[in-house]
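Q: So that we are looking at the same thing, I have put the structure below in structure tokens.
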2 protein chains.
Amino acid sequence: MTDMDVDVVVVGAGVLGVSSAYYLKKNNPAKSVLLVERYGDAGQGNTGRGNAMFRDTFTSADNQILAGSSIDFYLHVQNRLGVDVGVDLIGYLWLMGEKQFRAAGKHLNKMSRNGVRHRVMGASELRRKLPELATSQRSEESRLMQLEDCAWGVLGSKCGRLAPEKLVRFYLDGFTRAGGSVRFNSSVEGLMVGARRSLGIDGEPFAWQDASITGVKLAGGGRIRAETTVVAAGAWNNSVLDPAGVDGHVKAKKRQLFAVRARSDSRLQNFMLSEGFNGSGVAPFIILPHAGIFVKPVKESGEFWIGCDDDLNRPFLSYPATDLEEYRAEEDFYDKSLYPVLTSYLPLFRGKRPDRMWAGLYGYNTLDNMPYVFAEEGLIVVGGDSGSGVMKGDSLGRIVESVYRQGERSEAELFGGRVYLSSKLGFASRDVEREEWVL
Amino acid sequence: MTDMDVDVVVVGAGVLGVSSAYYLKKNNPAKSVLLVERYGDAGQGNTGRGNAMFRDTFTSADNQILAGSSIDFYLHVQNRLGVDVGVDLIGYLWLMGEKQFRAAGKHLNKMSRNGVRHRVMGASELRRKLPELATSQRSEESRLMQLEDCAWGVLGSKCGRLAPEKLVRFYLDGFTRAGGSVRFNSSVEGLMVGARRSLGIDGEPFAWQDASITGVKLAGGGRIRAETTVVAAGAWNNSVLDPAGVDGHVKAKKRQLFAVRARSDSRLQNFMLSEGFNGSGVAPFIILPHAGIFVKPVKESGEFWIGCDDDLNRPFLSYPATDLEEYRAEEDFYDKSLYPVLTSYLPLFRGKRPDRMWAGLYGYNTLDNMPYVFAEEGLIVVGGDSGSGVMKGDSLGRIVESVYRQGERSEAELFGGRVYLSSKLGFASRDVEREEWVL
């Protein structure tokens, strides 16, 4: 391809990229904004490989704001603007043992103070509403796995699922309608680094020059020069940033999902249609009391999606790495790591095997489990959302735009008029509450 | 090799590894401690490739303590114990423009309050003591490079050079004398991860089990089981930790040194023997006012070692990577990035080219430029020293030992009796002052 010049280039058309591009173009209509994506459409990377859930039940007040106002916006888009983004407030049901629940007390109090709506359910209510749930764990196997009785449930109500492919389409359409350009099937292999005050000498920047990011290099040799480069490649941020010597503050590892079909099983079908949790007549998203194992009901496909938050022993990936390995789910993981716990709490899954399975990459910020938006000369980086890009995507896109227009110390206006100090998500003067409820 | 069991295995015989191993064995004589090193001797990796300087002139009070008490210990070893570790207090001379000096004011005040000895020199004193220094930068070339007049010098006096190969030998000898074992020429390719409460099932740990580090895997297939694994592989920490899913909080990049021979040049020889800075009758370690370019006099080899702090545009390295590329210095870098600034401030270097050059890896902690010591179940990690492992090695080894014996929240006793709260260097409740003077 031929080289080109733009005001802003955005790398990555996942949810963070399309949201950023949308607000950049919308609020700066005179600027040329180009979105570059390696795949043939938006949301084809890790945005489309996650469980597509959202919640505001975070322990970190920053996350409560970032997710809460994003969710409000998605509800606004669907209910006011009439654009279906698949939002369904099925709720998050966090199941807990006695000890876990006591430890959660301070977090629940804070959520109440901060307007994060949730309701506590005791074991008897849980048994009544979810008769298939084995709240008591007294078997030898449960004892060996150190499973606790399921004593409490916390139901978050401004929580649920959405359709990532519809959400990215909403932003992408808005972006192109506002005059933004998109280049699909274009892999960014690194950043262009130039001298802030170039002398036109070959080989710049030299160590005695202040350097700045001046655009992106495409695989195949093309160059896109840009005044500002926004890197929103999620778990792949390192592969774009490392060659330029910028620390992306993110580590990537594989996460897997296993879909069990309910259609041929009446017990599973009834469980899918559990009442009393939401207005949708469907079971909530359930987090079991052990190892962050979760069960997501997907009514329209008649599936339960099952996964967990595995941590130690799951490698962080080096770059460049092949897609193949990273995006391959391991059946063995379902059998050995999920199944024993799943069937102890929900015996109706006994004998059930996944009909399909897939994997994606989480971009972890292990420092505080919080997303970041930081700026260097000519560069803005967003990421580290640790699997919560979808649910915080609107806020993070607005913050990226605010940093672009007013610098890292700007006050970003989130949906609903809430103001958020952008520099809190940076690194120079990072000031976020660490998140304790990680999934 | 056959598998083996030890109480503690230490990975890496660089300065952080040998210091940690020394204090671990010395203070826990009943424990078996094994030091594992990929090369054939200690200090053959990046410890031996740096400029081997030490200073206490840090802006961070934490660094002042960590380096200050390590330097006191090295002086004690050499002057009281009579073991030559090559310590020579030649001083650090930080040259500054007017603006830089004004910005440094608050740091210098803090150093004074905290007992970090330094002396401020004006331009006339600098010209008198270093007649070869061009304090005035009015040429067209200097203007283009935005070089400022050299208006001030700050001389740190508890600063100087040491011999890393002698220092690591001191710790290694002490370690083996105390009964510690060493295995050279053994590459660690990853950590063993086991279940904290093993059920003896093949494939452990599963996601429902609490995992812990249970030893190291060697290239070639050997296993060393250990109750505690200490990873002190410096810039290589990621290559050991990533496969186990532990974030090493470090990014590695190449740093280079260029040695210019003074022997055949009387001006350079006289400059080498500049008086009035220290008791050694040699020029101090000089940091020029631009781009962190430094000049180290090495009297016994009649060389000046020249390098700089290059940042953006110098790639962070992926793992695994070949030694060849990383340890190759680029002559072009001397010519284009160092030479123009070097010869503007020190014209006597005009026409001089490096006789030899080499490179090593810095293990950066870009978060706060400070070292870390953190623990996970069965694991202690030390690193992120950002090129200052030699000058903080004694303190960090003592802190590792303290974390081993008493946990991450222990109070470590540094040399001279100073107590340092270990958890400040961890990540769970990290509490260190960011370092602003990075070289």
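Chains: A, B, ... in order of the structure tokens. Residues: from 1 per chain. Ligands: from 1, in order shown.
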Counting only C-alpha atoms, what is within 7 Å of Leu241 of chain A, bar same-chain residues fewer than 6 positions away, as a list in words?

A: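 Here the answer would be Gly190, Leu191, Asp247 and Gly248 of chain A.
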
Q: Restricting it to N, CA, C and O atoms, dump the selection as a compact mmCIF listing (two decimals), in the first residue's frame.

A:
# COMPACT_ATOMS: atom_id res chain seq x y z
N GLY A 190 4.28 -2.42 14.29
CA GLY A 190 5.07 -1.60 15.20
C GLY A 190 4.75 -0.13 15.02
O GLY A 190 3.95 0.25 14.16
N LEU A 191 5.37 0.68 15.87
CA LEU A 191 5.15 2.13 15.81
C LEU A 191 6.31 2.81 15.10
O LEU A 191 7.43 2.31 15.11
N ASP A 247 6.44 0.42 27.53
CA ASP A 247 5.88 -0.65 28.36
C ASP A 247 4.36 -0.57 28.32
O ASP A 247 3.79 0.45 28.72
N GLY A 248 3.73 -1.63 27.84
CA GLY A 248 2.28 -1.68 27.76
C GLY A 248 1.60 -2.04 29.08
O GLY A 248 0.38 -2.01 29.17

Q: Write out as a Markdown table the residues of chain B that have any atom within 6 Å of an atom of chain A, one row each with the nearest atom pair and its distance in Å to one decimal, counting only C-alpha atoms, sorted by chain and then rising number.

A:
| residue | atom | partner | partner_atom | distance |
| --- | --- | --- | --- | --- |
| B:Phe206 | CA | A:Ser337 | CA | 4.9 |
| B:Ala207 | CA | A:Ser337 | CA | 4.9 |
| B:Trp208 | CA | A:Ala291 | CA | 5.2 |
| B:Asp242 | CA | A:Phe316 | CA | 4.8 |
| B:Pro243 | CA | A:Pro315 | CA | 4.2 |
| B:Ala244 | CA | A:Asn313 | CA | 4.5 |
| B:Gly245 | CA | A:Pro315 | CA | 4.2 |
| B:Ala291 | CA | A:Trp208 | CA | 5.2 |
| B:Asp310 | CA | A:Ala207 | CA | 5.8 |
| B:Leu312 | CA | A:Gly245 | CA | 5.1 |
| B:Asn313 | CA | A:Ala244 | CA | 4.5 |
| B:Arg314 | CA | A:Gly245 | CA | 5.0 |
| B:Pro315 | CA | A:Gly245 | CA | 4.2 |
| B:Phe316 | CA | A:Asp242 | CA | 4.8 |
| B:Ser337 | CA | A:Ala207 | CA | 5.0 |

Q: Write out as a PyMOL selection string all residues of segment 276-349 of chain B that backbone DSSP assigns to alpha helix (DSSP H).

A: chain B and resi 323-326+331-333+339-345

Q: Let me see the file: selected residues, N, CA and C atoms, as a short mmCIF file (atom, residue, chain, number, x, y, z; two decimals), in the first residue's frame.

A:
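The resulting file, result-v9.cif, is reproduced below:
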data_model
loop_
_atom_site.label_atom_id
_atom_site.label_comp_id
_atom_site.auth_asym_id
_atom_site.auth_seq_id
_atom_site.Cartn_x
_atom_site.Cartn_y
_atom_site.Cartn_z
N ASP B 323 21.04 -14.76 22.68
CA ASP B 323 22.07 -13.93 23.31
C ASP B 323 22.74 -13.01 22.31
N LEU B 324 22.97 -13.53 21.14
CA LEU B 324 23.76 -12.84 20.14
C LEU B 324 23.32 -11.41 19.89
N GLU B 325 22.03 -11.26 19.58
CA GLU B 325 21.51 -9.94 19.23
C GLU B 325 21.56 -8.98 20.42
N GLU B 326 21.22 -9.51 21.57
CA GLU B 326 21.08 -8.65 22.74
C GLU B 326 22.42 -8.14 23.23
N GLU B 331 28.09 0.07 16.77
CA GLU B 331 29.07 1.14 16.60
C GLU B 331 28.37 2.42 16.15
N ASP B 332 27.35 2.24 15.32
CA ASP B 332 26.57 3.35 14.84
C ASP B 332 25.97 4.19 15.98
N PHE B 333 25.63 3.51 17.06
CA PHE B 333 25.04 4.21 18.20
C PHE B 333 26.07 5.16 18.82
N TYR B 339 28.56 10.37 20.30
CA TYR B 339 29.70 11.20 19.88
C TYR B 339 29.38 12.69 19.77
N PRO B 340 28.27 13.07 19.12
CA PRO B 340 28.01 14.51 18.97
C PRO B 340 27.87 15.24 20.30
N VAL B 341 27.20 14.63 21.26
CA VAL B 341 27.02 15.28 22.56
C VAL B 341 28.32 15.20 23.36
N LEU B 342 28.94 14.03 23.35
CA LEU B 342 30.20 13.82 24.07
C LEU B 342 31.25 14.85 23.66
N THR B 343 31.42 15.02 22.36
CA THR B 343 32.50 15.91 21.88
C THR B 343 32.10 17.39 21.99
N SER B 344 30.81 17.68 22.13
CA SER B 344 30.41 19.06 22.36
C SER B 344 30.81 19.51 23.76
N TYR B 345 30.61 18.65 24.73
CA TYR B 345 30.97 19.00 26.11
C TYR B 345 32.43 18.69 26.41
#

Q: Report the residues of segment 140-250 of chain B whose backbone DSSP state falls under strand (DSSP E), written as a ChimeraX atom specification.

A: /B:152-156,160-161,181-183,188-195,211-218,223-231

Q: What does the distance between atom CA of Glu330 of chain A and atom CA of Val295 of chain A come to in Å, to one decimal place?

A: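 Taking atom CA of Glu330 of chain A as the start and atom CA of Val295 of chain A as the end point, the length is 17.5 Å.
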
Q: Please list as a count of residues only every residue within 8 Å of Ala329 of chain B, counting only C-alpha atoms and excluding residues in the same chain fewer than 3 positions away.

A: 5

Q: Within 9 Å of Glu303 of chain A, counting only C-alpha atoms, which residues show up once you throw out same-chain ones fewer than 6 positions away? Write them as a tab-separated table (two decimals) with N, CA and C atoms, in the first residue's frame, please.

A:
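Just written: out05.tsv:
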chain	number	residue	atom	x	y	z
A	259	ALA	N	-19.16	-24.65	25.94
A	259	ALA	CA	-20.62	-24.53	25.79
A	259	ALA	C	-21.27	-25.90	25.88
A	260	VAL	N	-22.16	-26.05	26.87
A	260	VAL	CA	-22.90	-27.30	27.06
A	260	VAL	C	-24.33	-27.07	26.57
A	261	ARG	N	-24.81	-27.93	25.70
A	261	ARG	CA	-26.13	-27.74	25.13
A	261	ARG	C	-27.21	-28.25	26.09
A	262	ALA	N	-28.27	-27.45	26.25
A	262	ALA	CA	-29.35	-27.81	27.17
A	262	ALA	C	-30.52	-28.44	26.43
A	263	ARG	N	-30.57	-28.34	25.13
A	263	ARG	CA	-31.80	-28.62	24.38
A	263	ARG	C	-32.38	-30.00	24.58
A	272	MET	N	-32.41	-23.47	32.90
A	272	MET	CA	-32.20	-22.29	32.04
A	272	MET	C	-33.30	-21.25	32.27
A	296	LYS	N	-23.02	-19.37	32.40
A	296	LYS	CA	-23.81	-18.34	31.72
A	296	LYS	C	-24.91	-18.99	30.89
A	297	PRO	N	-26.17	-18.66	31.16
A	297	PRO	CA	-27.24	-19.19	30.32
A	297	PRO	C	-27.36	-18.38	29.03

Q: Between A:Asp72, A:Asp84, A:Glu275, A:Glu141, which is the closest to Cys159 of chain A once you count only C-alpha atoms?

A: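 For Cys159 of chain A, the nearest of the given residues is A:Asp72.
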
Q: Please list as a PyMOL selection string every residue within 10 Å of Gly383 of chain B, counting only C-alpha atoms and excluding residues in the same chain fewer than 3 positions away.

A: chain B and resi 16-17+231-237+248-250+363-365+370-374+386-389+396

Q: Rounded to one decimal in Å, what is the spacing between atom CA of Leu89 of chain B and atom CA of Asp56 of chain B?

A: 11.5 Å

Q: If you count only C-alpha atoms, which residues fall within 9 Å of Leu130 of chain B, apart from same-chain ones fewer than 3 positions away, as a list in words?

A: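 So the residues in contact are Glu125, Leu126, Arg127, Leu133, Ala134, Phe271, Ser274, Glu275 and Ala283 of chain B.
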
Q: Can you list, as a compact mmCIF listing (two decimals) with C-alpha atoms, in the first residue's frame, every protein, DNA or RNA residue that comes within 10 Å of segment 99-106 of chain B when you count only C-alpha atoms, leaving out same-chain residues fewer than 5 positions away?

A:
# COMPACT_ATOMS: atom_id res chain seq x y z
CA THR B 59 15.85 11.04 44.66
CA TRP B 94 26.26 15.24 37.67
CA MET B 111 19.45 14.30 49.98
CA SER B 112 20.96 16.76 52.47
CA VAL B 120 27.54 21.70 44.49
CA GLU B 148 22.48 23.73 27.43
CA CYS B 150 26.91 23.36 31.76
CA ALA B 151 26.16 25.67 34.66
CA TRP B 152 26.44 23.44 37.70
CA GLY B 153 27.95 20.23 38.94
CA VAL B 154 26.70 18.06 41.80
CA PRO B 289 23.78 17.53 31.02
CA HIS B 290 22.05 15.86 28.08
CA GLU B 436 13.43 10.35 39.31
CA TRP B 437 17.18 10.20 38.65

Q: Using only C-alpha atoms, which of the listed residues (A:Ser20, A:Ser124, A:Ser32, A:Thr47) sits closest to Tyr362 of chain A?

A: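 Going through A:Ser20, A:Ser124, A:Ser32, A:Thr47 one by one, the smallest distance to Tyr362 of chain A is for A:Thr47.
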